[in-house]
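Dumped model.txt below, it's compact mmCIF, C-alpha atoms:
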```
# COMPACT_ATOMS: atom_id res chain seq x y z
CA MET A 1 -51.23 142.23 54.40
CA LYS A 2 -47.79 143.08 53.04
CA THR A 3 -44.87 143.62 55.42
CA GLU A 4 -44.34 147.14 54.06
CA THR A 5 -47.97 148.06 54.74
CA LYS A 6 -47.59 146.81 58.31
CA ILE A 7 -44.37 148.77 58.84
CA LEU A 8 -45.72 152.02 57.33
CA GLY A 9 -48.96 151.62 59.27
CA ALA A 10 -47.08 151.11 62.53
CA ILE A 11 -44.85 154.16 61.87
CA LEU A 12 -47.92 156.28 61.08
CA VAL A 13 -49.81 155.21 64.19
CA LEU A 14 -46.74 155.82 66.36
CA THR A 15 -46.12 159.26 64.82
CA ALA A 16 -49.78 160.24 65.19
CA VAL A 17 -49.85 159.11 68.82
CA ILE A 18 -46.65 161.05 69.63
CA LEU A 19 -47.79 164.22 67.83
CA PHE A 20 -51.42 164.33 68.96
CA GLY A 21 -50.52 163.13 72.46
CA GLY A 22 -47.77 165.76 72.61
CA ILE A 23 -50.13 168.55 71.53
CA PHE A 24 -52.76 167.43 74.03
CA PHE A 25 -50.25 167.14 76.86
CA LEU A 26 -48.51 170.45 76.10
CA SER A 27 -51.83 172.28 75.74
CA LYS A 28 -53.03 170.92 79.08
CA PHE A 29 -49.69 171.72 80.68
CA SER A 30 -49.59 175.22 79.15
CA ALA A 31 -53.13 176.02 80.21
CA ASN A 32 -52.14 175.64 83.83
CA SER A 33 -48.59 176.87 83.79
CA SER A 34 -48.95 180.64 83.79
CA SER A 35 -47.43 181.77 87.03
CA VAL A 36 -45.94 184.62 88.98
CA GLU A 37 -42.38 184.47 90.25
CA GLU A 38 -41.88 184.57 94.00
CA LYS A 39 -39.05 187.11 93.90
CA ILE A 40 -40.13 190.73 94.22
CA VAL A 41 -37.99 193.20 92.29
CA GLN A 42 -37.68 196.93 92.86
CA ILE A 43 -39.29 198.87 90.04
CA ASP A 44 -39.28 202.65 89.80
CA TYR A 45 -43.02 203.31 89.65
CA SER A 46 -42.51 207.04 89.14
CA LYS A 47 -41.49 206.31 85.56
CA GLY A 48 -43.47 205.10 82.57
CA GLN A 49 -46.83 205.96 81.09
CA LYS A 50 -49.62 205.15 83.51
CA ILE A 51 -53.31 204.56 83.42
CA GLY A 52 -55.22 204.02 86.65
CA SER A 53 -54.83 205.34 90.16
CA ASP A 54 -51.47 205.49 91.97
CA SER A 55 -53.22 203.93 94.96
CA ALA A 56 -54.49 200.93 92.94
CA LYS A 57 -54.02 197.59 94.68
CA VAL A 58 -52.34 196.07 91.64
CA LYS A 59 -49.57 197.70 89.65
CA LEU A 60 -49.04 195.94 86.34
CA VAL A 61 -45.88 197.02 84.54
CA GLU A 62 -45.47 196.03 80.90
CA PHE A 63 -42.13 196.22 79.10
CA SER A 64 -43.18 196.42 75.49
CA ASP A 65 -42.11 197.25 71.97
CA PHE A 66 -44.50 198.82 69.46
CA GLN A 67 -43.00 196.77 66.63
CA CYS A 68 -43.23 193.43 68.43
CA PRO A 69 -46.07 191.26 67.06
CA ALA A 70 -46.56 189.45 70.38
CA CYS A 71 -47.02 192.84 72.10
CA ALA A 72 -49.69 193.71 69.53
CA GLN A 73 -51.38 190.41 70.34
CA ALA A 74 -51.24 191.19 74.07
CA GLU A 75 -52.81 194.62 73.55
CA PRO A 76 -56.52 193.53 73.54
CA PHE A 77 -55.96 191.63 76.79
CA VAL A 78 -54.28 194.65 78.40
CA LYS A 79 -57.11 196.85 77.14
CA GLN A 80 -59.60 194.45 78.70
CA LEU A 81 -57.89 194.85 82.08
CA LYS A 82 -58.25 198.63 81.79
CA SER A 83 -62.00 198.33 81.41
CA VAL A 84 -62.59 195.49 83.89
CA TYR A 85 -60.47 196.94 86.73
CA PRO A 86 -60.38 200.71 86.18
CA ASP A 87 -59.81 201.48 89.88
CA GLN A 88 -58.09 198.38 91.16
CA VAL A 89 -55.31 198.10 88.58
CA GLN A 90 -52.73 200.65 87.49
CA LEU A 91 -51.15 199.82 84.14
CA ILE A 92 -47.67 201.16 83.54
CA TYR A 93 -46.19 201.04 80.06
CA ARG A 94 -42.40 200.94 79.82
CA HIS A 95 -40.55 201.06 76.51
CA PHE A 96 -38.33 198.14 75.60
CA PRO A 97 -37.74 198.42 71.82
CA LEU A 98 -35.84 195.33 70.72
CA PRO A 99 -32.76 195.75 68.50
CA GLN A 100 -34.23 193.50 65.77
CA HIS A 101 -37.14 195.91 65.30
CA PRO A 102 -35.80 198.88 63.30
CA PHE A 103 -38.78 201.18 64.00
CA GLY A 104 -39.43 200.19 67.62
CA LYS A 105 -37.56 203.14 69.12
CA GLN A 106 -38.97 205.55 66.52
CA ALA A 107 -42.52 204.44 67.35
CA ALA A 108 -41.77 204.87 71.06
CA ASN A 109 -40.64 208.44 70.32
CA TRP A 110 -43.87 209.24 68.48
CA ALA A 111 -45.94 207.72 71.29
CA GLU A 112 -44.11 209.80 73.89
CA ALA A 113 -44.52 212.92 71.77
CA ALA A 114 -48.27 212.20 71.59
CA GLY A 115 -48.17 211.61 75.36
CA ALA A 116 -46.78 215.13 75.84
CA GLN A 117 -50.09 216.30 74.39
CA GLY A 118 -52.10 213.94 76.60
CA LYS A 119 -52.73 211.20 74.06
CA PHE A 120 -50.11 208.54 74.76
CA TRP A 121 -52.65 205.72 75.16
CA GLU A 122 -54.54 206.72 72.03
CA MET A 123 -51.30 206.72 70.04
CA HIS A 124 -50.29 203.46 71.74
CA SER A 125 -53.51 201.80 70.49
CA LYS A 126 -53.10 203.24 66.98
CA LEU A 127 -49.50 202.03 66.74
CA PHE A 128 -50.46 198.48 67.70
CA GLU A 129 -53.57 198.44 65.50
CA THR A 130 -51.56 199.49 62.45
CA GLN A 131 -48.36 197.61 63.28
CA ALA A 132 -48.59 195.30 60.26
CA GLU A 133 -48.97 198.34 57.97
CA TRP A 134 -45.89 200.26 59.10
CA SER A 135 -43.52 197.48 60.16
CA ASN A 136 -42.40 196.76 56.61
CA LEU A 137 -42.39 200.28 55.21
CA PRO A 138 -39.16 201.71 53.78
CA ASP A 139 -37.19 203.79 56.30
CA ASN A 140 -38.12 207.09 54.67
CA GLU A 141 -41.88 206.45 54.80
CA VAL A 142 -42.34 205.47 58.43
CA ASP A 143 -42.37 208.98 59.91
CA GLU A 144 -44.91 210.00 57.29
CA PHE A 145 -47.09 207.07 58.36
CA PHE A 146 -46.81 208.03 62.05
CA LEU A 147 -47.67 211.61 61.13
CA GLY A 148 -50.86 210.27 59.56
CA LEU A 149 -51.77 208.66 62.89
CA VAL A 150 -51.07 211.95 64.67
CA LYS A 151 -53.43 213.72 62.28
CA GLN A 152 -56.15 211.19 63.07
CA LEU A 153 -55.69 212.00 66.77
CA GLU A 154 -55.91 215.72 66.01
CA LEU A 155 -52.66 216.57 67.75
CA ASP A 156 -50.42 219.57 67.18
CA GLU A 157 -48.38 218.24 64.25
CA ASN A 158 -45.66 220.87 64.38
CA LYS A 159 -45.04 220.34 68.08
CA ILE A 160 -44.89 216.56 67.59
CA LYS A 161 -42.49 216.89 64.65
CA GLN A 162 -40.29 219.15 66.74
CA ASP A 163 -40.29 216.68 69.64
CA VAL A 164 -39.55 213.70 67.41
CA GLU A 165 -36.82 215.44 65.41
CA GLY A 166 -35.29 216.87 68.57
CA ASN A 167 -35.33 213.44 70.23
CA THR A 168 -36.96 215.12 73.23
CA PHE A 169 -37.94 211.84 74.87
CA LYS A 170 -34.75 209.89 74.21
CA SER A 171 -33.67 209.86 77.86
CA ARG A 172 -37.13 208.68 78.98
CA ILE A 173 -37.03 205.76 76.54
CA ASP A 174 -33.41 204.98 77.40
CA ASP A 175 -34.29 204.97 81.12
CA ASP A 176 -37.04 202.43 80.46
CA VAL A 177 -34.66 200.22 78.47
CA ALA A 178 -32.00 200.52 81.20
CA GLU A 179 -34.49 199.53 83.89
CA GLY A 180 -35.68 196.60 81.78
CA GLN A 181 -32.10 195.44 81.30
CA ARG A 182 -31.41 195.79 85.03
CA LEU A 183 -34.43 193.58 85.73
CA GLY A 184 -33.26 191.03 83.16
CA VAL A 185 -36.04 191.58 80.63
CA ASP A 186 -35.04 189.68 77.50
CA SER A 187 -38.24 189.50 75.51
CA THR A 188 -41.40 191.50 74.98
CA PRO A 189 -43.97 191.79 76.30
CA THR A 190 -42.75 191.16 79.85
CA PHE A 191 -45.16 191.86 82.69
CA TYR A 192 -44.53 192.50 86.37
CA ILE A 193 -47.40 192.38 88.81
CA ASN A 194 -46.68 194.22 92.05
CA GLY A 195 -42.98 193.71 91.40
CA ARG A 196 -43.14 190.02 90.54
CA LYS A 197 -42.44 188.78 87.04
CA VAL A 198 -45.38 187.10 85.33
CA ILE A 199 -44.68 183.97 83.30
CA LEU A 200 -47.49 183.81 80.78
CA GLN A 201 -48.40 180.92 78.53
CA THR A 202 -51.33 182.76 76.98
CA PHE A 203 -52.24 186.43 77.28
CA ASN A 204 -55.70 185.35 78.36
CA ASP A 205 -54.07 184.31 81.63
CA LEU A 206 -53.32 187.97 82.41
CA ASN A 207 -56.86 188.33 83.65
CA THR A 208 -56.48 185.30 85.94
CA VAL A 209 -53.15 186.52 87.31
CA VAL A 210 -54.62 189.97 88.07
CA ALA A 211 -57.77 188.47 89.61
CA GLU A 212 -55.64 186.27 91.89
CA GLU A 213 -53.49 189.23 92.94
CA LEU A 214 -56.63 191.23 93.76
CA LYS A 215 -57.87 188.42 96.02
CA LYS A 216 -54.77 188.69 98.24
CA MET B 1 -38.97 159.16 36.90
CA ILE B 2 -39.25 156.98 39.94
CA SER B 3 -40.83 153.64 40.69
CA PHE B 4 -44.21 153.49 42.42
CA ASN B 5 -42.64 151.76 45.37
CA LEU B 6 -40.10 154.52 45.92
CA SER B 7 -42.57 157.33 45.24
CA ASN B 8 -45.02 155.86 47.74
CA ARG B 9 -42.32 155.71 50.40
CA LEU B 10 -41.21 159.27 49.62
CA ILE B 11 -44.79 160.54 49.84
CA PHE B 12 -45.16 158.75 53.16
CA ILE B 13 -41.97 160.38 54.54
CA PHE B 14 -42.90 163.85 53.23
CA SER B 15 -46.37 163.46 54.73
CA LEU B 16 -44.95 162.61 58.14
CA ILE B 17 -42.61 165.63 58.02
CA GLY B 18 -45.53 167.81 56.90
CA LEU B 19 -47.66 166.41 59.71
CA GLY B 20 -44.94 167.35 62.19
CA VAL B 21 -44.67 170.91 60.82
CA ALA B 22 -48.46 171.42 60.75
CA SER B 23 -48.82 169.99 64.28
CA PHE B 24 -46.10 172.35 65.56
CA LEU B 25 -47.88 175.32 63.97
CA PHE B 26 -51.25 174.17 65.31
CA TYR B 27 -49.79 174.02 68.81
CA GLU B 28 -48.11 177.42 68.47
CA TYR B 29 -51.29 179.01 67.07
CA SER B 30 -53.19 177.87 70.16
CA LEU B 31 -50.79 179.90 72.34
CA SER B 32 -50.20 183.63 72.46
CA GLY B 33 -46.46 183.78 73.10
CA PRO B 34 -43.84 184.35 70.40
CA ILE B 35 -43.45 181.53 67.87
CA PHE B 36 -40.01 179.98 67.38
CA CYS B 37 -39.27 181.27 63.88
CA PRO B 38 -35.78 180.83 62.32
CA THR B 39 -36.40 183.76 59.95
CA GLY B 40 -37.37 186.43 62.49
CA ALA B 41 -40.79 187.74 63.45
CA GLY B 42 -42.60 186.63 60.26
CA CYS B 43 -44.42 183.76 61.99
CA ASP B 44 -45.85 186.10 64.65
CA ILE B 45 -46.94 188.62 62.02
CA VAL B 46 -48.67 185.94 59.97
CA ARG B 47 -50.37 184.49 63.06
CA ALA B 48 -51.58 187.97 64.05
CA SER B 49 -53.12 188.47 60.60
CA ALA B 50 -56.72 187.85 59.62
CA TYR B 51 -55.75 184.85 57.49
CA THR B 52 -55.17 182.11 60.06
CA LYS B 53 -58.58 180.51 59.58
CA ILE B 54 -60.76 179.57 56.67
CA LEU B 55 -64.47 178.99 57.30
CA GLY B 56 -63.66 179.06 60.99
CA ILE B 57 -61.13 176.21 60.68
CA SER B 58 -57.54 176.84 61.72
CA ILE B 59 -55.24 176.53 58.68
CA PRO B 60 -52.62 174.43 60.55
CA LEU B 61 -55.44 172.03 61.44
CA LEU B 62 -56.32 171.74 57.73
CA GLY B 63 -52.63 171.04 57.08
CA MET B 64 -52.62 168.30 59.70
CA ALA B 65 -55.72 166.73 58.12
CA TYR B 66 -54.13 166.88 54.67
CA TYR B 67 -50.81 165.30 55.66
CA LEU B 68 -52.53 162.65 57.76
CA THR B 69 -54.77 161.78 54.79
CA MET B 70 -51.75 161.55 52.48
CA ALA B 71 -49.88 159.34 54.96
CA VAL B 72 -52.92 157.04 55.37
CA LEU B 73 -53.32 156.84 51.59
CA SER B 74 -49.64 155.86 51.29
CA VAL B 75 -50.13 153.06 53.79
CA VAL B 76 -53.22 151.86 51.91
CA HIS B 77 -51.36 152.20 48.63
CA SER B 78 -48.41 150.15 49.83
CA HIS B 79 -50.79 147.19 50.07
CA GLN B 80 -51.54 147.24 46.36
CA LEU B 81 -49.31 149.21 44.03
CA PRO B 82 -50.45 150.95 41.87
CA HIS B 83 -54.07 151.36 42.93
CA LYS B 84 -56.06 153.55 40.55
CA LEU B 85 -58.52 155.06 43.05
CA VAL B 86 -55.83 155.77 45.67
CA ARG B 87 -53.63 157.42 43.01
CA LYS B 88 -56.55 159.57 41.96
CA LEU B 89 -57.30 160.61 45.53
CA GLN B 90 -53.61 161.37 46.17
CA THR B 91 -53.30 163.46 43.01
CA ILE B 92 -56.50 165.43 43.69
CA SER B 93 -55.49 166.08 47.34
CA ALA B 94 -51.91 167.03 46.46
CA SER B 95 -53.03 169.39 43.66
CA ALA B 96 -55.58 171.06 45.93
CA ALA B 97 -52.94 171.42 48.66
CA VAL B 98 -50.43 173.02 46.30
CA GLY B 99 -53.13 175.35 44.91
CA PHE B 100 -54.16 176.38 48.41
CA GLY B 101 -50.50 176.72 49.42
CA MET B 102 -49.92 179.05 46.45
CA TYR B 103 -52.84 181.19 47.59
CA LEU B 104 -51.48 181.33 51.16
CA THR B 105 -47.98 182.19 49.91
CA TYR B 106 -49.48 184.95 47.77
CA LEU B 107 -51.22 186.33 50.89
CA GLU B 108 -47.93 186.26 52.78
CA ALA B 109 -46.05 188.02 49.98
CA TYR B 110 -48.53 190.69 48.92
CA VAL B 111 -51.17 191.11 51.62
CA ILE B 112 -49.53 190.33 54.97
CA GLU B 113 -46.07 191.21 53.64
CA ALA B 114 -44.32 188.78 55.97
CA TYR B 115 -43.28 185.16 55.60
CA CYS B 116 -43.86 182.46 58.16
CA PHE B 117 -40.96 180.01 57.91
CA TRP B 118 -43.10 177.02 58.90
CA CYS B 119 -45.88 177.90 56.43
CA VAL B 120 -43.36 178.20 53.59
CA LEU B 121 -41.76 174.91 54.64
CA SER B 122 -45.17 173.24 54.57
CA PHE B 123 -45.80 174.64 51.09
CA ILE B 124 -42.43 173.27 49.89
CA ILE B 125 -43.32 169.83 51.33
CA SER B 126 -46.69 169.86 49.54
CA VAL B 127 -44.95 170.77 46.27
CA ALA B 128 -42.45 167.93 46.84
CA ILE B 129 -45.35 165.49 47.32
CA LEU B 130 -47.03 166.62 44.09
CA ILE B 131 -43.76 166.41 42.12
CA THR B 132 -43.13 162.90 43.48
CA LEU B 133 -46.63 161.87 42.41
CA VAL B 134 -46.25 163.35 38.93
CA LEU B 135 -42.86 161.70 38.39
CA SER B 136 -44.15 158.29 39.41
CA ARG B 137 -47.15 158.73 37.16
CA ASP B 138 -44.86 159.39 34.20
CA LYS B 139 -42.99 156.22 34.96
CA ARG B 140 -46.21 154.21 34.84
CA LYS B 141 -47.10 155.69 31.47
CA ASP B 142 -43.66 154.73 30.18
CA GLU B 143 -44.08 151.20 31.47
CA ASN B 144 -47.48 150.96 29.73
CA ARG B 145 -45.95 152.13 26.48
CA ASP B 146 -43.24 149.47 26.72
```

Whole structure, structure tokens version:
Amino acid sequence: MKTETKILGAILVLTAVILFGGIFFLSKFSANSSSVEEKIVQIDYSKGQKIGSDSAKVKLVEFSDFQCPACAQAEPFVKQLKSVYPDQVQLIYRHFPLPQHPFGKQAANWAEAAGAQGKFWEMHSKLFETQAEWSNLPDNEVDEFFLGLVKQLELDENKIKQDVEGNTFKSRIDDDVAEGQRLGVDSTPTFYINGRKVILQTFNDLNTVVAEELKK
Amino acid sequence: MISFNLSNRLIFIFSLIGLGVASFLFYEYSLSGPIFCPTGAGCDIVRASAYTKILGISIPLLGMAYYLTMAVLSVVHSHQLPHKLVRKLQTISASAAVGFGMYLTYLEAYVIEAYCFWCVLSFIISVAILITLVLSRDKRKDENRD
């Protein structure tokens, strides 16, 4: 066998071992590394959009951004929690539109305006489901797109337009952002379970984290 | 035009880089958190799309298989240069990879409307491999003519 063949073969084997070993190790490590921080922070539970009873044993607060792809990915797992633990878990949605997402705040406004007519969670689901469709629209077409979603939900269009144009919910959204900043939220989605920050490796772990909290 | 020796080494290096990129993507696709993406949120958007698998197989895994095959073929090829069957296998694989990469890039541009930096990088590497192969092939033809 030629020297070059031996050298290339050795490099290839070494690279493959490092890469595949690394993936295996990291996957194993990640699968077990979702955790909840020890420190309990004070969160104002009177704020935010809620689903579930105020007396629920577990309060799960999510700081989220409608234009964030990772938040859209988390959505089915959050939805699953709603159906698995309707009485034991209260989900609280707090807005945290990131500056790099130009329509994040706008979407939050539309969701709040839908919430004023009792359909925040329906609008929330629609916004995440259609995120890929509206995220890259030109600035002047986004409101039209959101209006289309409002029509699907059979809401009072004029009232919603008024609320959105009048920035009626600006202070509510700003309060959420301010609280997130005070807590040190720097990415979305960020979850807090009974006041403790959840460090997730996969959104699937949300279920485990909630189940463990319910056992306490 | 480049010599077979040099082209084989280049293909080997490109394949290892491609293997690294595809492995990184494969790892990131197995997680749900945000992907490290130098060009913004494009990687997350692409991962969230319906085009991350083909026939149930993860596309980064296909990429890993392709680059590993190309690297193995380079090692085999280094033993006997130029080897007709190995050249044929390399050319067929590289052409298929570039064709598939073009299809994926089309999906990113016109269907998903977002670019994943790592996917584009992988496509560029596959194009570089094919160009290297074509250039070395030309050289062989020239040598035969002489």

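Atom CA of A:Val78 is found 23.7 Å from atom CA of A:Pro99.
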
Show me which bits of chain A are within 7 Å of chain B, counting all atoms listed in the file, as a list in words.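 Close to chain B, chain A has Met1, Lys2, Glu4, Thr5, Leu8, Gly9, Leu19, Ile23, Pro69, Ala70, Gln73, Gln201, Thr202 and Phe203 of chain A.
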
B:Ser7 environment, 12 Å, all atoms listed in the file, sequence neighbours closer than 6 positions dropped, as an NGL selection string: :B and (1 or 13-15 or 74 or 77-78 or 81-82 or 87 or 90 or 128-140)

Just give me the gap between atom CA of B:Gly63 and atom CA of B:Ala22 in Å, one decimal is fine.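 Atom CA of B:Ala22 lies at a distance of 5.6 Å from atom CA of B:Gly63.
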
Hey, could you make a per-residue contact list for stretch 99-180 of chain A against stretch 39-58 of chain A with 12 Å as the cut-off, showing the nearest pair of atoms and its distance in Å to one decimal, counting all atoms listed in the file, sorted by chain and number, as a tab-separated table?
```
residue	atom	partner	partner_atom	distance
A:Ala108	CA	A:Gln49	CA	11.3
A:Ala111	CA	A:Gln49	CA	10.0
A:Glu112	CA	A:Gln49	CA	8.6
A:Ala113	CA	A:Gln49	CA	11.9
A:Ala114	CA	A:Gln49	CA	11.5
A:Gly115	CA	A:Gln49	CA	8.2
A:Ala116	CA	A:Gln49	CA	10.6
A:Gly118	CA	A:Gln49	CA	10.6
A:Lys119	CA	A:Gln49	CA	10.6
A:Phe120	CA	A:Gln49	CA	7.6
A:Trp121	CA	A:Gln49	CA	8.3
A:Glu122	CA	A:Ile51	CA	11.7
A:Met123	CA	A:Gln49	CA	11.9
A:His124	CA	A:Gln49	CA	10.3
A:Phe169	CA	A:Gly48	CA	11.6
A:Ser171	CA	A:Lys47	CA	11.5
A:Arg172	CA	A:Gly48	CA	8.1
A:Ile173	CA	A:Gly48	CA	8.8
A:Asp174	CA	A:Gly48	CA	11.3
A:Asp175	CA	A:Lys47	CA	8.6
A:Asp176	CA	A:Gly48	CA	7.3
A:Val177	CA	A:Gly48	CA	10.9
A:Ala178	CA	A:Asp44	CA	11.5
A:Glu179	CA	A:Ile43	CA	7.8
A:Gly180	CA	A:Ile43	CA	9.3
```

Just how far from atom CA of A:Pro76 is atom CA of A:Asn109, in Å to one decimal? 22.0 Å

Could you name the residues that touch A:Phe128 at 10 Å or less, counting only C-alpha atoms, but leaving out those on the same chain fewer than 4 positions away, as a PyMOL selection string? chain A and resi 65-69+71-76+107+123-124+132-134

Tell me, as a list in words, which residues lie within 12 Å of A:Glu37, counting all atoms listed in the file; anything in the same chain fewer than 5 positions away does not count.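 Near neighbours after the sequence-gap exclusion: Phe191, Tyr192, Ile193, Asn194, Gly195, Arg196, Lys197, Val198, Ile199, Leu200 and Val209 of chain A.
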